[in-house]
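Beneath this line is the structure, given in structure tokens, with notes to follow.
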Amino acid sequence: MKEYLTKIKLYIFSHKKISILTLIILLVLGYWIYGKIINTDGETQYTMTTVQKGTIISSVSASGQIESSNQIDLKANVSDTITYVAVKAGDKVKRGAVLFSVDNKDAQKSVRDAQISLESAKISLNKLKAQLSEENMNADLAKAYDDGFNNVSNVFLDLPEIMTGLNSMFFKSTISPSSGQWNIDWYEGKVATEDRDKVGEYKADLTNSYNKVLLVYDKNYENYKLISRTSDKKDIEALILETYETVKLISDVTKKANNYLDFINDSMQENDFDIPSIISTHKNTLSTYTSKTNNHLLNLLSIKTSIKDYKDAFYNSDLDIQSSELSLKQKENSLQDAKDKLSDYYVTAPFDGTIASVIGKIGDTASGSLGSIITNQKIATLSMNEVDVAKIKLGQKATITFDAIEDLSMTGTIAEIDTVGTVSQGVVSYSVKIAFDTNDEQIKPGMSVSASIITDSKTDVLYIPSSAIKTNSDTKYVLMFSTQSETPNQITIETGISDDINTEIISGLKEGDQIVLKTTISSSATKTTQGSSLLGGTNIKGVGGGVNFPR
């Protein structure tokens, strides 16, 4: 080996140009092959995300300054008749004390209705859970199988008699034993000559149907003897279905037998032949057979339907309970909304202070300023645009930060909202005052502040990243893979509140669902599309890696 390597080195040093050229060719060829192997140009890759449960806090932001004034106007969130005035000028009040109340009969009724609706939803959910409990559903399904086996047992108390009766009625020589003719042939000979072709058709149809049902019946009867009520539920269900089909065929044969006798009877009447009494006897027997088979068919069909309904209910029980729980959550939200609206009918002290003036009187309409209050606390005055100001109301909480004091963050409450905006260069803005919950000596009048006002919050709700939501006209949807699909399907959703990153999902998804967050088409200069570009192979990437589908 060592001698072989020495020869290679000598060859390389003695043929440098050829060796260098060969090396370059090998490097280029290797790079080309490597590029072909790892090239993913044109492949569609899906970045996945998971539907989660948690808290969504919706807020709006604004900026402004610390006011040197410490007096603000007292205003109501609604315009209606003042029914109660609790203060007079000079009174000392604590934060949250009710100062004025406005006629709230309708709002009180809305709260009561929402409470009743919530209680009704709780009762419905508890009843549904009890009804759809696994123990009860298993018991119902077990009873259905047991009833089904009983029905089959009753069927096979009658079918042997019916099959034997049909055989004796048509395929034995009981009417004219001396002639050796089967009864079906004896009947055929009773019609007029011109009816022989037609009666032959009836006879052939009856004979073929009977021979067919005889094979089905024999197989069904053997299966019945092999199965007991303690057999596997699948075997019992298969027996019920098989017996139902057998009874249908026997019922059909009975009908054809009756048609055969009717034709013979009609032919003999038309030709004034004497009609043998055996025809009436056989027709009465066939009528009994028809009644029995129809009764068995109804019972077997009922048990078939019951088993299917119980199985469907079992499979859909989780979905029904989830739907009921979602309805309950909506009723809870409706009650909270009604309570929030009821609070709008009360004007409360936004902070500890002294009532400076009282303007509103009982019987007046609560519009504009109802009075004013003085505080020793600092006040931040914000400027908000017409879109954001429509989302806020008195009493909402806010978080305030300061440009001059980096590490300081304070909380406050909206104490005043301008009812008339100020127009500057075509832009409408509204002044909003926020009273601080606490004092801090570092805060000085004139300082610049930024505030985040919480407009809504919900806990224990489903949410997904807002960027995963697509829109088509008025319909919102997400992309999600089904079990067998290589490309995602559109799933229509209903959304609720949003924060800067996530959006609440009211319906259409459940916790743990995997949805498409982003679609990327690989190329030498990778580009990302947020639409529904679903061409080419897929590489679903989520937490912990991806799932590759063939192209």
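Following the order of the structure tokens, first chain is A, next is B, and so on, with residues numbered from 1 inside each chain and ligands from 1 in the order they appear.
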
Q) So which residues of range 8-206 of chain A fall under strand (DSSP E or B) by DSSP, listed as a PyMOL selection string? A) chain A and resi 44-50+52-67+71-75+81-85+92-93+98-102

Q: With a distance cut-off of 12 Å and only C-alpha atoms, select the neighbouring residues of Gln322 in chain A, excluding the residue or stretch itself and same-chain residues fewer than 4 positions from it, and output the selection as a PyMOL selection string.
A: chain A and resi 125+128-129+316-318+326-329+506-511

Expected file contents, prior selection, C-alpha atoms, as a short mmCIF file (atom, residue, chain, number, x, y, z; two decimals), in the first residue's frame:
data_model
loop_
_atom_site.label_atom_id
_atom_site.label_comp_id
_atom_site.auth_asym_id
_atom_site.auth_seq_id
_atom_site.Cartn_x
_atom_site.Cartn_y
_atom_site.Cartn_z
CA LEU A 125 -74.44 21.32 29.60
CA LEU A 128 -75.87 16.74 28.09
CA LYS A 129 -72.84 15.47 30.01
CA ASN A 316 -70.15 12.88 18.19
CA SER A 317 -70.50 13.24 21.96
CA ASP A 318 -67.19 15.07 22.37
CA LEU A 326 -68.56 27.05 23.78
CA SER A 327 -72.17 28.18 24.08
CA LEU A 328 -71.74 28.40 27.86
CA LYS A 329 -68.59 30.50 27.40
CA ILE A 506 -64.64 31.85 18.74
CA SER A 507 -65.45 28.92 16.43
CA GLY A 508 -63.94 26.73 13.71
CA LEU A 509 -60.91 25.37 15.61
CA LYS A 510 -60.15 23.51 18.81
CA GLU A 511 -57.21 23.49 21.20
#

Q. Hey, what's within 6 Å of range 410-424 of chain A if we count only C-alpha atoms and toss same-chain stuff fewer than 6 positions away? As a PyMOL selection string, please?
A. chain A and resi 350+394-400+430-437

Q | Residues near range 173-178 of chain A, cut-off 9 Å, only C-alpha atoms, skip fewer than 6 positions along chain, as a list in words | A |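 Returned residues: Ile184, Trp186 and Ile278 of chain A.
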
Q: Just the residues within 10 Å of Thr475 in chain A, please, counting only C-alpha atoms, with nothing from its chain fewer than 5 positions along; format it as a list in words.
A: Lys470, Thr492, Ile493 and Glu494 of chain A

Would you write out those residues with N, CA, C and O atoms, as a PDB file, in the first residue's frame?
ATOM      1  N   LYS A 470     -56.350  34.374   7.235  1.00  0.00           N
ATOM      2  CA  LYS A 470     -56.523  34.885   5.877  1.00  0.00           C
ATOM      3  C   LYS A 470     -57.951  35.415   5.739  1.00  0.00           C
ATOM      4  O   LYS A 470     -58.847  35.043   6.501  1.00  0.00           O
ATOM      5  N   THR A 492     -62.972  27.735   7.732  1.00  0.00           N
ATOM      6  CA  THR A 492     -63.618  29.011   8.076  1.00  0.00           C
ATOM      7  C   THR A 492     -63.659  29.180   9.596  1.00  0.00           C
ATOM      8  O   THR A 492     -63.964  28.230  10.318  1.00  0.00           O
ATOM      9  N   ILE A 493     -63.349  30.381  10.066  1.00  0.00           N
ATOM     10  CA  ILE A 493     -63.303  30.644  11.500  1.00  0.00           C
ATOM     11  C   ILE A 493     -64.086  31.907  11.835  1.00  0.00           C
ATOM     12  O   ILE A 493     -64.364  32.737  10.959  1.00  0.00           O
ATOM     13  N   GLU A 494     -64.437  32.036  13.103  1.00  0.00           N
ATOM     14  CA  GLU A 494     -65.033  33.262  13.643  1.00  0.00           C
ATOM     15  C   GLU A 494     -64.081  33.796  14.702  1.00  0.00           C
ATOM     16  O   GLU A 494     -63.654  33.045  15.577  1.00  0.00           O
TER      17      GLU A 494
END

Q) Leaving out Asn333 in chain A and any residue of its chain fewer than 2 positions from it, which residues lie within 12 Å of it when counting only C-alpha atoms, given as a list in words? A)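 Surrounding residues, per the criterion: Val111, Ala114, Gln115, Ser117, Leu118, Leu326, Ser327, Leu328, Lys329, Gln330, Lys331, Leu335, Gln336, Asp337, Ala338, Lys339, Asp340, Asp456, Ser457, Lys458, Thr459, Asp460, Val461, Gly496 and Ile506 of chain A.
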
Export of the given selection (N, CA and C atoms) as a PDB file, in the first residue's frame:
ATOM      1  N   VAL A 111     -78.973  42.420  32.319  1.00  0.00           N
ATOM      2  CA  VAL A 111     -78.144  41.602  33.210  1.00  0.00           C
ATOM      3  C   VAL A 111     -78.933  40.395  33.701  1.00  0.00           C
ATOM      4  N   ALA A 114     -79.329  37.914  30.929  1.00  0.00           N
ATOM      5  CA  ALA A 114     -78.053  37.239  30.665  1.00  0.00           C
ATOM      6  C   ALA A 114     -77.748  36.207  31.750  1.00  0.00           C
ATOM      7  N   GLN A 115     -78.105  36.517  33.009  1.00  0.00           N
ATOM      8  CA  GLN A 115     -77.899  35.562  34.110  1.00  0.00           C
ATOM      9  C   GLN A 115     -78.773  34.320  33.921  1.00  0.00           C
ATOM     10  N   SER A 117     -80.005  33.229  31.083  1.00  0.00           N
ATOM     11  CA  SER A 117     -79.478  32.510  29.905  1.00  0.00           C
ATOM     12  C   SER A 117     -78.249  31.694  30.270  1.00  0.00           C
ATOM     13  N   LEU A 118     -77.389  32.249  31.133  1.00  0.00           N
ATOM     14  CA  LEU A 118     -76.189  31.531  31.568  1.00  0.00           C
ATOM     15  C   LEU A 118     -76.572  30.308  32.403  1.00  0.00           C
ATOM     16  N   LEU A 326     -68.782  25.787  24.482  1.00  0.00           N
ATOM     17  CA  LEU A 326     -68.559  27.052  23.778  1.00  0.00           C
ATOM     18  C   LEU A 326     -69.761  27.972  23.951  1.00  0.00           C
ATOM     19  N   SER A 327     -70.962  27.389  23.874  1.00  0.00           N
ATOM     20  CA  SER A 327     -72.174  28.180  24.079  1.00  0.00           C
ATOM     21  C   SER A 327     -72.210  28.753  25.494  1.00  0.00           C
ATOM     22  N   LEU A 328     -71.793  27.932  26.474  1.00  0.00           N
ATOM     23  CA  LEU A 328     -71.744  28.398  27.864  1.00  0.00           C
ATOM     24  C   LEU A 328     -70.757  29.561  27.996  1.00  0.00           C
ATOM     25  N   LYS A 329     -69.592  29.438  27.352  1.00  0.00           N
ATOM     26  CA  LYS A 329     -68.590  30.505  27.404  1.00  0.00           C
ATOM     27  C   LYS A 329     -69.141  31.792  26.791  1.00  0.00           C
ATOM     28  N   GLN A 330     -69.895  31.659  25.713  1.00  0.00           N
ATOM     29  CA  GLN A 330     -70.491  32.835  25.079  1.00  0.00           C
ATOM     30  C   GLN A 330     -71.519  33.488  26.009  1.00  0.00           C
ATOM     31  N   LYS A 331     -72.268  32.654  26.739  1.00  0.00           N
ATOM     32  CA  LYS A 331     -73.257  33.203  27.689  1.00  0.00           C
ATOM     33  C   LYS A 331     -72.543  33.922  28.842  1.00  0.00           C
ATOM     34  N   LEU A 335     -72.996  37.842  29.773  1.00  0.00           N
ATOM     35  CA  LEU A 335     -73.305  38.363  31.112  1.00  0.00           C
ATOM     36  C   LEU A 335     -72.291  39.419  31.520  1.00  0.00           C
ATOM     37  N   GLN A 336     -71.012  39.154  31.252  1.00  0.00           N
ATOM     38  CA  GLN A 336     -69.994  40.135  31.614  1.00  0.00           C
ATOM     39  C   GLN A 336     -70.182  41.426  30.821  1.00  0.00           C
ATOM     40  N   ASP A 337     -70.536  41.289  29.540  1.00  0.00           N
ATOM     41  CA  ASP A 337     -70.801  42.481  28.720  1.00  0.00           C
ATOM     42  C   ASP A 337     -71.976  43.271  29.291  1.00  0.00           C
ATOM     43  N   ALA A 338     -73.023  42.556  29.712  1.00  0.00           N
ATOM     44  CA  ALA A 338     -74.196  43.235  30.273  1.00  0.00           C
ATOM     45  C   ALA A 338     -73.831  43.957  31.571  1.00  0.00           C
ATOM     46  N   LYS A 339     -72.994  43.318  32.405  1.00  0.00           N
ATOM     47  CA  LYS A 339     -72.554  43.955  33.652  1.00  0.00           C
ATOM     48  C   LYS A 339     -71.695  45.182  33.362  1.00  0.00           C
ATOM     49  N   ASP A 340     -70.823  45.053  32.344  1.00  0.00           N
ATOM     50  CA  ASP A 340     -69.978  46.202  31.969  1.00  0.00           C
ATOM     51  C   ASP A 340     -70.839  47.370  31.511  1.00  0.00           C
ATOM     52  N   ASP A 456     -60.233  45.571  26.364  1.00  0.00           N
ATOM     53  CA  ASP A 456     -60.947  44.316  26.594  1.00  0.00           C
ATOM     54  C   ASP A 456     -59.948  43.236  26.985  1.00  0.00           C
ATOM     55  N   SER A 457     -60.381  42.262  27.727  1.00  0.00           N
ATOM     56  CA  SER A 457     -59.518  41.128  28.067  1.00  0.00           C
ATOM     57  C   SER A 457     -60.384  39.903  28.298  1.00  0.00           C
ATOM     58  N   LYS A 458     -59.878  38.751  27.879  1.00  0.00           N
ATOM     59  CA  LYS A 458     -60.588  37.487  28.045  1.00  0.00           C
ATOM     60  C   LYS A 458     -59.592  36.419  28.467  1.00  0.00           C
ATOM     61  N   THR A 459     -60.013  35.603  29.418  1.00  0.00           N
ATOM     62  CA  THR A 459     -59.149  34.523  29.887  1.00  0.00           C
ATOM     63  C   THR A 459     -59.686  33.181  29.402  1.00  0.00           C
ATOM     64  N   ASP A 460     -58.786  32.218  29.321  1.00  0.00           N
ATOM     65  CA  ASP A 460     -59.142  30.835  28.949  1.00  0.00           C
ATOM     66  C   ASP A 460     -59.876  30.785  27.613  1.00  0.00           C
ATOM     67  N   VAL A 461     -59.353  31.513  26.629  1.00  0.00           N
ATOM     68  CA  VAL A 461     -59.940  31.487  25.287  1.00  0.00           C
ATOM     69  C   VAL A 461     -58.940  30.889  24.300  1.00  0.00           C
ATOM     70  N   GLY A 496     -62.593  36.825  17.594  1.00  0.00           N
ATOM     71  CA  GLY A 496     -63.023  37.764  18.629  1.00  0.00           C
ATOM     72  C   GLY A 496     -62.034  38.906  18.748  1.00  0.00           C
ATOM     73  N   ILE A 506     -63.350  32.166  18.136  1.00  0.00           N
ATOM     74  CA  ILE A 506     -64.641  31.848  18.744  1.00  0.00           C
ATOM     75  C   ILE A 506     -65.154  30.503  18.254  1.00  0.00           C
TER      76      ILE A 506
END

Q) Please, which residues of range 87-169 of chain A, numbered as in this document, come out alpha helix (DSSP H) from DSSP, as a PyMOL selection string? A) chain A and resi 105-131+134-169

Keeping only C-alpha atoms, write the selected residues to a file as a PDB file, in the first residue's frame.
ATOM      1  CA  LYS A 105     -83.935  49.729  34.145  1.00  0.00           C
ATOM      2  CA  ASP A 106     -83.169  48.345  30.675  1.00  0.00           C
ATOM      3  CA  ALA A 107     -79.551  47.611  31.589  1.00  0.00           C
ATOM      4  CA  GLN A 108     -80.662  45.806  34.775  1.00  0.00           C
ATOM      5  CA  LYS A 109     -83.083  43.718  32.715  1.00  0.00           C
ATOM      6  CA  SER A 110     -80.268  42.832  30.290  1.00  0.00           C
ATOM      7  CA  VAL A 111     -78.144  41.602  33.210  1.00  0.00           C
ATOM      8  CA  ARG A 112     -81.031  39.507  34.585  1.00  0.00           C
ATOM      9  CA  ASP A 113     -81.736  38.018  31.157  1.00  0.00           C
ATOM     10  CA  ALA A 114     -78.053  37.239  30.665  1.00  0.00           C
ATOM     11  CA  GLN A 115     -77.899  35.562  34.110  1.00  0.00           C
ATOM     12  CA  ILE A 116     -80.938  33.403  33.300  1.00  0.00           C
ATOM     13  CA  SER A 117     -79.478  32.510  29.905  1.00  0.00           C
ATOM     14  CA  LEU A 118     -76.189  31.531  31.568  1.00  0.00           C
ATOM     15  CA  GLU A 119     -77.928  29.342  34.162  1.00  0.00           C
ATOM     16  CA  SER A 120     -79.949  27.689  31.401  1.00  0.00           C
ATOM     17  CA  ALA A 121     -76.744  26.983  29.459  1.00  0.00           C
ATOM     18  CA  LYS A 122     -75.149  25.445  32.591  1.00  0.00           C
ATOM     19  CA  ILE A 123     -78.169  23.178  33.118  1.00  0.00           C
ATOM     20  CA  SER A 124     -78.148  22.152  29.445  1.00  0.00           C
ATOM     21  CA  LEU A 125     -74.441  21.322  29.600  1.00  0.00           C
ATOM     22  CA  ASN A 126     -74.845  19.247  32.785  1.00  0.00           C
ATOM     23  CA  LYS A 127     -77.817  17.378  31.292  1.00  0.00           C
ATOM     24  CA  LEU A 128     -75.870  16.744  28.092  1.00  0.00           C
ATOM     25  CA  LYS A 129     -72.840  15.473  30.008  1.00  0.00           C
ATOM     26  CA  ALA A 130     -75.069  13.149  32.027  1.00  0.00           C
ATOM     27  CA  GLN A 131     -76.873  11.973  28.907  1.00  0.00           C
ATOM     28  CA  GLU A 134     -69.613   7.004  28.495  1.00  0.00           C
ATOM     29  CA  GLU A 135     -71.307   4.710  31.007  1.00  0.00           C
ATOM     30  CA  ASN A 136     -74.817   5.649  29.890  1.00  0.00           C
ATOM     31  CA  MET A 137     -73.960   5.563  26.203  1.00  0.00           C
ATOM     32  CA  ASN A 138     -72.318   2.152  26.496  1.00  0.00           C
ATOM     33  CA  ALA A 139     -75.389   0.919  28.372  1.00  0.00           C
ATOM     34  CA  ASP A 140     -77.730   2.287  25.689  1.00  0.00           C
ATOM     35  CA  LEU A 141     -75.682   0.727  22.903  1.00  0.00           C
ATOM     36  CA  ALA A 142     -75.453  -2.610  24.734  1.00  0.00           C
ATOM     37  CA  LYS A 143     -79.231  -2.616  25.195  1.00  0.00           C
ATOM     38  CA  ALA A 144     -79.718  -1.877  21.488  1.00  0.00           C
ATOM     39  CA  TYR A 145     -77.553  -4.885  20.561  1.00  0.00           C
ATOM     40  CA  ASP A 146     -79.435  -7.057  23.047  1.00  0.00           C
ATOM     41  CA  ASP A 147     -82.791  -5.909  21.655  1.00  0.00           C
ATOM     42  CA  GLY A 148     -81.476  -6.558  18.166  1.00  0.00           C
ATOM     43  CA  PHE A 149     -80.531 -10.144  19.016  1.00  0.00           C
ATOM     44  CA  ASN A 150     -83.995 -10.647  20.553  1.00  0.00           C
ATOM     45  CA  ASN A 151     -85.577  -9.406  17.324  1.00  0.00           C
ATOM     46  CA  VAL A 152     -83.476 -11.798  15.261  1.00  0.00           C
ATOM     47  CA  SER A 153     -84.473 -14.650  17.577  1.00  0.00           C
ATOM     48  CA  ASN A 154     -88.139 -13.772  17.069  1.00  0.00           C
ATOM     49  CA  VAL A 155     -87.607 -13.697  13.316  1.00  0.00           C
ATOM     50  CA  PHE A 156     -86.239 -17.246  13.328  1.00  0.00           C
ATOM     51  CA  LEU A 157     -89.256 -18.426  15.290  1.00  0.00           C
ATOM     52  CA  ASP A 158     -91.367 -17.551  12.226  1.00  0.00           C
ATOM     53  CA  LEU A 159     -89.082 -17.910   9.188  1.00  0.00           C
ATOM     54  CA  PRO A 160     -88.739 -21.705   9.272  1.00  0.00           C
ATOM     55  CA  GLU A 161     -92.550 -22.012   9.229  1.00  0.00           C
ATOM     56  CA  ILE A 162     -92.827 -19.483   6.388  1.00  0.00           C
ATOM     57  CA  MET A 163     -90.117 -21.128   4.269  1.00  0.00           C
ATOM     58  CA  THR A 164     -91.616 -24.592   4.878  1.00  0.00           C
ATOM     59  CA  GLY A 165     -95.080 -23.252   4.104  1.00  0.00           C
ATOM     60  CA  LEU A 166     -93.977 -21.685   0.806  1.00  0.00           C
ATOM     61  CA  ASN A 167     -92.245 -24.918  -0.160  1.00  0.00           C
ATOM     62  CA  SER A 168     -95.346 -27.015   0.593  1.00  0.00           C
ATOM     63  CA  MET A 169     -97.617 -24.478  -1.091  1.00  0.00           C
TER      64      MET A 169
END

Q: Using only C-alpha atoms, pick whichever of A:Thr348, A:Asn271, A:Ser323, A:Ser287 has the shortest atom-to-atom distance to Asn77 in chain A.
A: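 That would be A:Thr348, the residue with the smallest distance to Asn77 in chain A.
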
Q) Of the candidates A:Ile227, A:Leu23, A:Ile275, A:Ala451, which shows the shortest atom-to-atom distance to Ile240 in chain A, using only C-alpha atoms? A)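 The closest residue to Ile240 in chain A is A:Ile227.
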
(Q) Under the rule that only C-alpha atoms are counted, which of A:Val28, A:Met48, A:Ile303, A:Ala356 is the nearest residue to Pro465 in chain A? (A)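 Among A:Val28, A:Met48, A:Ile303, A:Ala356, it is A:Met48 that comes nearest to Pro465 in chain A.
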
Q.
Between CA of Ile501 in chain A and CA of Lys53 in chain A, what distance in Å does the model show, to one decimal?
A. 14.3 Å
